[in-house]
Each structure stands twice: as C-alpha cells, then as structure tokens.
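Note: the block below is entry_13.cif and it holds mmCIF, C-alpha atoms.
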data_model
#
loop_
_atom_site.label_atom_id
_atom_site.label_comp_id
_atom_site.auth_asym_id
_atom_site.auth_seq_id
_atom_site.Cartn_x
_atom_site.Cartn_y
_atom_site.Cartn_z
CA MET A 155 -13.71 13.72 15.01
CA ASP A 156 -12.60 10.17 14.73
CA LEU A 157 -11.37 8.80 18.01
CA ASP A 158 -10.03 5.29 17.92
CA LEU A 159 -9.26 3.12 20.96
CA LEU A 160 -5.62 3.94 20.46
CA SER A 161 -6.01 7.62 19.67
CA LEU A 162 -3.76 9.51 22.05
CA VAL A 163 -4.99 12.50 23.97
CA ILE A 164 -3.14 15.04 26.06
CA THR A 165 -4.13 18.27 27.77
CA THR A 166 -3.08 21.48 26.08
CA GLY A 167 -3.00 23.54 29.26
CA GLN A 168 -5.72 25.80 27.97
CA THR A 169 -8.57 26.46 30.36
CA SER A 170 -11.50 24.22 29.68
CA SER A 171 -14.93 25.72 29.12
CA ARG A 172 -16.22 22.31 30.18
CA THR A 173 -16.24 22.10 33.93
CA ASP A 174 -18.36 19.04 34.64
CA PRO A 175 -16.70 16.70 37.13
CA GLU A 176 -16.18 14.07 34.43
CA HIS A 177 -14.50 16.51 32.09
CA LEU A 178 -12.23 17.78 34.85
CA LYS A 179 -11.34 14.26 35.87
CA VAL A 180 -10.40 13.38 32.30
CA LEU A 181 -8.26 16.50 32.08
CA GLY A 182 -6.54 15.52 35.30
CA LEU A 183 -5.59 12.15 33.83
CA CYS A 184 -4.13 13.38 30.61
CA HIS A 185 -1.08 15.43 31.45
CA LYS A 186 0.84 12.69 29.68
CA PRO A 187 -0.37 11.15 26.43
CA LEU A 188 -2.93 8.44 27.14
CA SER A 189 -4.86 6.23 24.77
CA VAL A 190 -8.64 6.45 24.66
CA ALA A 191 -8.76 2.87 25.92
CA GLU A 192 -6.71 3.77 28.98
CA VAL A 193 -8.79 6.87 29.73
CA ALA A 194 -11.94 4.73 29.56
CA ALA A 195 -10.49 2.18 31.94
CA TYR A 196 -9.29 4.76 34.45
CA MET A 197 -12.61 6.61 34.26
CA ARG A 198 -14.47 3.29 34.56
CA LEU A 199 -16.65 4.40 31.72
CA PRO A 200 -17.55 2.65 28.49
CA VAL A 201 -15.34 3.64 25.58
CA MET A 202 -18.28 5.20 23.75
CA VAL A 203 -18.98 7.55 26.66
CA THR A 204 -15.31 8.35 27.06
CA LYS A 205 -15.05 9.27 23.40
CA VAL A 206 -17.86 11.82 23.84
CA LEU A 207 -16.13 13.44 26.83
CA LEU A 208 -12.83 13.59 24.99
CA ALA A 209 -14.44 15.03 21.87
CA ASP A 210 -15.96 17.80 24.02
CA LEU A 211 -12.54 18.63 25.44
CA VAL A 212 -10.84 18.61 22.05
CA ASP A 213 -13.61 20.87 20.73
CA CYS A 214 -12.96 23.46 23.41
CA GLU A 215 -9.20 23.11 22.83
CA ALA A 216 -8.45 21.95 26.34
CA MET A 217 -7.09 18.77 24.79
CA THR A 218 -5.43 17.72 21.64
CA MET A 219 -5.58 14.27 20.10
CA ARG A 220 -3.60 12.30 17.64
CA ALA A 221 -5.13 9.49 15.66
CA PRO A 222 -3.05 6.33 15.50
CA ARG A 223 -0.76 6.58 12.52
CA PRO A 224 -1.98 4.50 9.65
CA THR A 225 0.97 2.18 10.01
CA SER A 226 1.84 -0.61 7.73
CA GLY A 227 3.14 -1.99 11.02
CA SER A 228 3.27 -5.68 10.23
CA THR A 229 5.36 -5.01 7.12
CA ASP A 230 7.55 -2.28 8.59
CA ARG A 231 10.83 -4.07 9.09
CA VAL A 232 12.49 -1.24 11.01
CA LEU A 233 9.59 -1.01 13.44
CA LEU A 234 9.50 -4.79 13.93
CA GLU A 235 13.23 -4.92 14.59
CA LYS A 236 12.94 -2.14 17.15
CA LEU A 237 10.09 -3.99 18.84
CA LEU A 238 12.04 -7.21 18.94
CA ASP A 239 15.03 -5.40 20.39
CA GLY A 240 12.82 -3.81 23.03
CA LEU A 241 11.21 -7.13 23.94
CA GLN A 242 14.62 -8.75 24.26
CA ARG A 243 15.56 -6.22 26.92
CA ILE A 244 12.67 -7.24 29.19
CA MET B 115 -0.77 23.61 18.19
CA ALA B 116 0.90 23.72 21.54
CA TYR B 117 2.92 20.56 21.02
CA ASN B 118 5.27 19.17 18.50
CA GLU B 119 3.40 15.92 18.04
CA SER B 120 6.32 13.77 17.08
CA GLU B 121 8.06 14.71 20.31
CA VAL B 122 5.08 14.16 22.55
CA PHE B 123 3.44 11.08 21.09
CA PRO B 124 5.19 7.72 20.85
CA THR B 125 4.67 5.23 18.06
CA GLN B 126 1.87 2.91 19.07
CA VAL B 127 1.41 -0.65 18.00
CA LYS B 128 -1.04 -3.29 19.06
CA ILE B 129 -1.09 -7.03 19.26
CA LEU B 130 -4.26 -8.98 19.90
CA ILE B 131 -4.48 -11.86 22.36
CA ALA B 132 -7.33 -14.11 21.33
CA GLY B 133 -8.83 -17.41 22.31
CA GLY B 134 -11.81 -18.97 23.98
CA PHE B 135 -13.09 -18.24 27.46
CA GLY B 136 -10.88 -19.32 30.32
CA VAL B 137 -7.89 -19.99 28.12
CA GLY B 138 -5.57 -17.55 29.86
CA LYS B 139 -5.83 -14.37 27.80
CA THR B 140 -6.25 -12.11 30.82
CA THR B 141 -3.43 -13.92 32.59
CA PHE B 142 -1.19 -13.52 29.58
CA VAL B 143 -1.93 -9.80 29.26
CA GLY B 144 -1.28 -9.38 32.98
CA ALA B 145 2.02 -11.25 32.85
CA ALA B 146 3.34 -9.34 29.86
CA SER B 147 2.04 -5.90 30.76
CA GLU B 148 4.05 -3.37 32.73
CA ILE B 149 0.84 -2.01 34.19
CA GLU B 150 -1.96 -3.85 35.92
CA PRO B 151 -4.19 -4.96 33.08
CA LEU B 152 -6.98 -2.50 32.47
CA SER B 153 -10.45 -3.45 31.52
CA THR B 154 -13.43 -1.79 29.97
CA GLU B 155 -16.77 -3.47 29.83
CA GLU B 156 -19.01 -2.17 27.17
CA LEU B 157 -21.41 -3.38 24.63
CA ILE B 158 -21.41 -6.74 26.32
CA THR B 159 -24.70 -7.69 27.86
CA ALA B 160 -24.81 -9.83 30.94
CA ALA B 161 -26.87 -12.26 28.91
CA SER B 162 -23.82 -13.37 27.01
CA VAL B 163 -22.11 -14.59 30.15
CA GLY B 164 -24.60 -17.31 30.84
CA VAL B 165 -24.32 -19.06 27.53
CA ASP B 166 -20.59 -19.54 27.46
CA SER B 167 -19.38 -23.01 28.02
CA LEU B 168 -17.24 -23.16 31.10
CA SER B 169 -16.87 -26.91 31.14
CA GLY B 170 -13.25 -27.77 31.63
CA VAL B 171 -12.45 -24.47 33.28
CA GLU B 172 -13.77 -25.27 36.73
CA ASN B 173 -11.28 -23.08 38.51
CA LYS B 174 -12.06 -19.88 36.68
CA SER B 175 -14.25 -17.81 38.95
CA ALA B 176 -14.72 -14.73 36.78
CA THR B 177 -15.31 -14.86 33.07
CA THR B 178 -13.75 -12.30 30.85
CA VAL B 179 -16.49 -10.55 28.99
CA ALA B 180 -14.66 -7.33 28.40
CA LEU B 181 -11.73 -5.83 26.71
CA ASP B 182 -8.60 -6.37 28.78
CA PHE B 183 -5.52 -4.56 27.81
CA GLY B 184 -2.00 -4.00 28.93
CA ARG B 185 0.96 -1.99 27.80
CA ILE B 186 4.67 -2.49 27.24
CA THR B 187 6.65 0.73 26.86
CA ILE B 188 9.82 0.45 24.86
CA ASP B 189 11.39 3.74 25.86
CA HIS B 190 14.55 2.98 24.02
CA HIS B 191 12.74 3.23 20.69
CA ASP B 192 9.82 5.42 21.76
CA ILE B 193 7.30 2.68 21.04
CA VAL B 194 4.30 1.71 23.11
CA LEU B 195 2.97 -1.79 22.52
CA TYR B 196 -0.61 -2.42 23.56
CA LEU B 197 -1.90 -5.91 24.16
CA PHE B 198 -5.62 -6.39 23.78
CA GLY B 199 -7.32 -9.54 24.94
CA THR B 200 -10.95 -10.15 24.20
CA PRO B 201 -13.13 -13.19 23.73
CA GLY B 202 -12.62 -14.81 20.38
CA GLN B 203 -16.15 -16.01 19.84
CA GLU B 204 -17.88 -14.96 16.69
CA ARG B 205 -20.52 -12.90 18.49
CA PHE B 206 -17.78 -10.56 19.73
CA TRP B 207 -16.31 -9.98 16.33
CA PHE B 208 -17.89 -6.54 16.14
CA MET B 209 -15.36 -5.54 18.81
CA TRP B 210 -12.55 -7.18 16.91
CA ASP B 211 -13.13 -5.20 13.77
CA GLU B 212 -11.97 -1.96 15.38
CA LEU B 213 -9.30 -3.77 17.36
CA SER B 214 -7.80 -5.63 14.46
CA ASN B 215 -7.63 -2.53 12.30
CA GLY B 216 -3.93 -1.70 12.23
CA ALA B 217 -2.94 -4.56 14.54
CA LEU B 218 0.52 -5.95 13.97
CA GLY B 219 -0.56 -9.49 14.55
CA ALA B 220 -2.17 -11.81 17.03
CA ILE B 221 -1.52 -14.57 19.50
CA VAL B 222 -4.21 -17.23 19.68
CA MET B 223 -4.12 -18.87 23.08
CA ALA B 224 -4.99 -22.54 23.07
CA ASP B 225 -5.90 -24.86 25.92
CA THR B 226 -5.28 -28.44 24.86
CA ARG B 227 -8.25 -29.59 26.95
CA ARG B 228 -10.52 -27.52 24.77
CA LEU B 229 -8.78 -26.88 21.52
CA GLN B 230 -12.07 -26.25 19.76
CA ALA B 231 -12.42 -23.01 21.75
CA CYS B 232 -9.84 -21.35 19.56
CA PHE B 233 -11.24 -22.38 16.17
CA GLU B 234 -13.16 -19.17 15.78
CA ALA B 235 -10.19 -16.95 16.58
CA VAL B 236 -8.05 -18.86 14.08
CA ASP B 237 -10.77 -18.40 11.45
CA PHE B 238 -11.08 -14.72 12.19
CA PHE B 239 -7.40 -13.99 11.63
CA GLU B 240 -7.07 -16.29 8.63
CA ASN B 241 -10.05 -14.64 6.94
CA ARG B 242 -8.68 -11.15 7.49
CA GLY B 243 -5.12 -11.92 6.56
CA ILE B 244 -3.81 -11.04 10.03
CA GLN B 245 -0.66 -12.91 10.92
CA PHE B 246 -0.81 -14.92 14.10
CA LEU B 247 0.78 -17.69 16.06
CA VAL B 248 -0.76 -20.23 18.40
CA ALA B 249 0.46 -20.27 22.00
CA VAL B 250 -0.42 -23.47 23.81
CA ASN B 251 -0.97 -22.54 27.43
CA GLU B 252 0.59 -25.12 29.68
CA PHE B 253 -1.97 -25.54 32.39
CA ASP B 254 -1.37 -27.74 35.34
CA GLY B 255 -3.00 -31.07 34.68
CA ALA B 256 -3.47 -30.44 31.00
CA PHE B 257 -2.53 -33.29 28.73
CA ARG B 258 0.58 -32.30 26.83
CA TYR B 259 0.16 -32.52 23.10
CA GLU B 260 2.97 -32.27 20.66
CA PRO B 261 2.85 -29.04 18.64
CA GLU B 262 2.24 -31.00 15.45
CA GLU B 263 -0.77 -32.68 17.03
CA VAL B 264 -2.14 -29.23 17.81
CA ARG B 265 -1.43 -28.15 14.25
CA ALA B 266 -3.31 -31.11 12.84
CA ALA B 267 -6.24 -30.62 15.17
CA LEU B 268 -6.56 -26.94 14.25
CA GLU B 269 -5.77 -27.52 10.57
CA LEU B 270 -3.17 -24.81 10.76
CA ASP B 271 -1.09 -23.71 7.83
CA PRO B 272 2.44 -25.15 8.19
CA ARG B 273 3.82 -21.60 8.37
CA VAL B 274 1.85 -20.67 11.49
CA PRO B 275 4.21 -21.04 14.47
CA ILE B 276 3.11 -22.94 17.54
CA VAL B 277 4.79 -22.12 20.83
CA LEU B 278 4.35 -23.44 24.33
CA CYS B 279 3.63 -20.79 26.90
CA ASP B 280 3.01 -20.42 30.59
CA ALA B 281 0.66 -17.43 30.55
CA ARG B 282 1.41 -16.70 34.22
CA ASP B 283 5.07 -16.12 33.58
CA THR B 284 6.34 -12.77 32.33
CA GLN B 285 9.33 -14.24 30.55
CA SER B 286 7.25 -16.92 28.90
CA ALA B 287 4.60 -14.43 27.75
CA THR B 288 7.27 -12.03 26.49
CA SER B 289 8.94 -14.89 24.67
CA ALA B 290 5.69 -15.65 22.86
CA LEU B 291 5.52 -11.99 21.80
CA ARG B 292 9.07 -12.18 20.49
CA SER B 293 8.16 -15.30 18.54
CA LEU B 294 5.29 -13.43 16.94
CA ILE B 295 7.53 -10.51 15.94
CA LYS B 296 10.09 -12.93 14.50
CA HIS B 297 7.29 -14.60 12.55
CA LEU B 298 6.20 -11.22 11.18
CA LEU B 299 9.78 -10.45 10.20
CA THR B 300 10.00 -13.64 8.13
CA ALA B 301 7.28 -12.25 5.88
CA VAL B 302 9.03 -8.91 5.31
CA PRO B 303 11.83 -8.71 2.80
CA SER B 304 15.15 -7.61 4.23
CA SER B 305 15.85 -3.95 3.78
CA ALA B 306 18.60 -3.19 1.33
#

How does the structure come out when it is put into structure tokens?
Amino acid sequence: MDLDLLSLVITTGQTSSRTDPEHLKVLGLCHKPLSVAEVAAYMRLPVMVTKVLLADLVDCEAMTMRAPRPTSGSTDRVLLEKLLDGLQRI
Amino acid sequence: MAYNESEVFPTQVKILIAGGFGVGKTTFVGAASEIEPLSTEELITAASVGVDSLSGVENKSATTVALDFGRITIDHHDIVLYLFGTPGQERFWFMWDELSNGALGAIVMADTRRLQACFEAVDFFENRGIQFLVAVNEFDGAFRYEPEEVRAALELDPRVPIVLCDARDTQSATSALRSLIKHLLTAVPSSA
C-alpha cells in the first residue's frame, strides 16, 4: 500500500479488528477525509509511524484511502483557474 | 466500497513554501492557512539544528526543523490546497523529493538581509523544472531592494516573478499565492 503525505483516509464505519489506543484514536480523527500529513500532526507521531497505523486500519477495512490523483496540476488550466477564483474570494 | 470516492474526496493540490531558516516560511503558512499550521517532526535529528546559521535572525527563538503545513479549502470548487513549508537546505532535499512530487509550484521566500539563504531552494526548483516565484519578505528594518536587484543577485530567469510580501499578513500571503497561480497560467495554453 502506497500512502503518500497527501493520501486521504476516512473511516468506513466497519468495526476495526485493531483496538490499540493509537488505532482507535486514528479512527476517531478520520470521520471526515484527512490527509496522512494531518493525521500525523494531530497524532503527534512521525509520518512513517502514522503510515503504519493507517495501513493496519486499511488492511482490516476499518478505513479506506485514496492516493492523491496523479494530477498534471501545474498544466491543468481549469484547475488553476478554479484555484485562482477560490483565492480571490479570500 | 462504502463510499463514492469522487463525492467524498476533494481534489487536492499542494504548493511548497521554501527558503532558508528564519525567512518567514512558518509565518507565511500560518497567515495563509485556514487552520493553525500543523507540524510534524521526523527524520530530522537535533544535530542539524546546531549547525544552521542564525546570524541575522536574532529575533527568531525557535528554528523550524520540521514540516509545517497549512490548508486552504476552496469549497466552491471542492479543492483543498495544502501549503508545505520546510527548510530549503540541500541536506533536507530527501524530504522535498516526496513533497515536490505532484506539487503545483513553489514560493521561495527571500530575506534581503540574507539572500544567499534561498540559493539552494532556487536551485532545487530550477533543476527539477518546478515553477516558482520569489517572495521578498518585508521585514521590519530590512533594507529594501528593488526587485530587479534581487533578480540579479539570485541570477533568476527573467520569467520568474518577484513579489513583495508581508508573511504575517493573510491578504499579502494570499496575494503571493495568486501571483504564483497566475504565473503557472501563463505557461499553459488557453483552452479552446
């Protein structure tokens, strides 16, 4: 499983077979999609450790993950225009 | 699969905020981010803290040795923009390889008192073909250079934009981000 810093994870609602405090805490964080980087920061754990916990939870189907889309972001005119529009509203 | 992924997961993009120590990266991320900047500290040994030059940054009490990041949610278009700020020095480039993969572009923060601190970040992005602009952080007491003086000192390509920025100010930081997106747009042909 290839978890990137920006991979998004979210709980599936299925009961976890992993019931260590760290696993449960991660599950509690991820009712909304969160990036691996954010989970690591909230857990105050190094990203490498966080990735192991998340991989455990995806393995037991308590979580699902989505790898960042392989975007051609910097050449995607539509995406850039949407971003610019969004940043102009701030 | 319990979820329709396209409904649950937003489009994510990332922009890197680079520069030397004490140049205002963390401040910039904090000003632009809608959340308190988050930080993870891994793979960085305490040993690296001691060898960083802090001359000229007397007022900086804590040195950023970690990955700071913030987030801007653009609900309107279902996009989440992540801002990652990490030290630009060459010995941290192993962190940048994962970070720069898929990044839209970068902002190199420059402090005119120590312009040399951003050489390495400029090199990094030039060598990897990542588009960037230079944001000159307007510190109190810093000598004001003209943008073209900064360009000459950094030997920047004429196409690389240089903007002035107050990293403490949300509008100023957001404006620098807009400048970067506009710069990226200039390189993309108009859609038919």

Selection: 8 Å around stretch 280-297 of chain B, only C-alpha atoms, excl. self and same-chain fewer than 2 positions, as a VMD selection string: (chain A and resid 234 237 to 238 241 to 242 244) or (chain B and resid 138 to 139 141 to 142 144 to 146 219 to 221 246 to 247 249 251 to 253 275 277 to 278 299 to 301)

Neighbours of chain A in chain B at 8 Å, counting only C-alpha atoms, as a PyMOL selection string: chain B and resi 116-117+119+122-123+125-127+152-156+188+190-191+193+212-213+216-219+285+288+291-292+295-296+298-299+301-305

Coordinates-based distance that separates atom CA of B:Arg258 from atom CA of B:Phe198 (Å, one decimal): 26.8 Å

Residues near stretch 176-178 of chain A, cut-off 9 Å, all atoms listed in the file, skip fewer than 6 positions along chain, as a ChimeraX atom specification: /A:170,197,207-208,210-211

Atom-to-atom span, atom CA of B:Gln230 and atom CA of B:Glu263, Å: 13.3 Å

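Take atom CA of B:Val274 and atom CA of B:Pro261: the distance between them is 11.1 Å.
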
Find the smallest box with edges along x, y and z containing every listed atom of stretch 204-211 of chain A, then add 8 Å on each side and report centre and edge lengths in Å to one decimal, as lines of an AutoDock Vina configuration file.
center_x = -15.2
center_y = 13.5
center_z = 24.5
size_x = 21.3
size_y = 26.3
size_z = 21.2

Which residue of A:Ala221, A:Ala216, A:Met155, A:Thr204 approaches A:His185 most closely, using all atoms listed in the file: A:Ala216

Picked residues, the PyMOL selection byres ((chain B and resi 242) around 12), as a ChimeraX atom specification: /B:207,210-211,214-217,219-220,235-241,243-246

Expected answer as a PyMOL selection string: all residues with atoms within 7 Å of (-9.4, -21.2, 19.2), all atoms listed in the file: chain B and resi 133-134+222-224+229-236
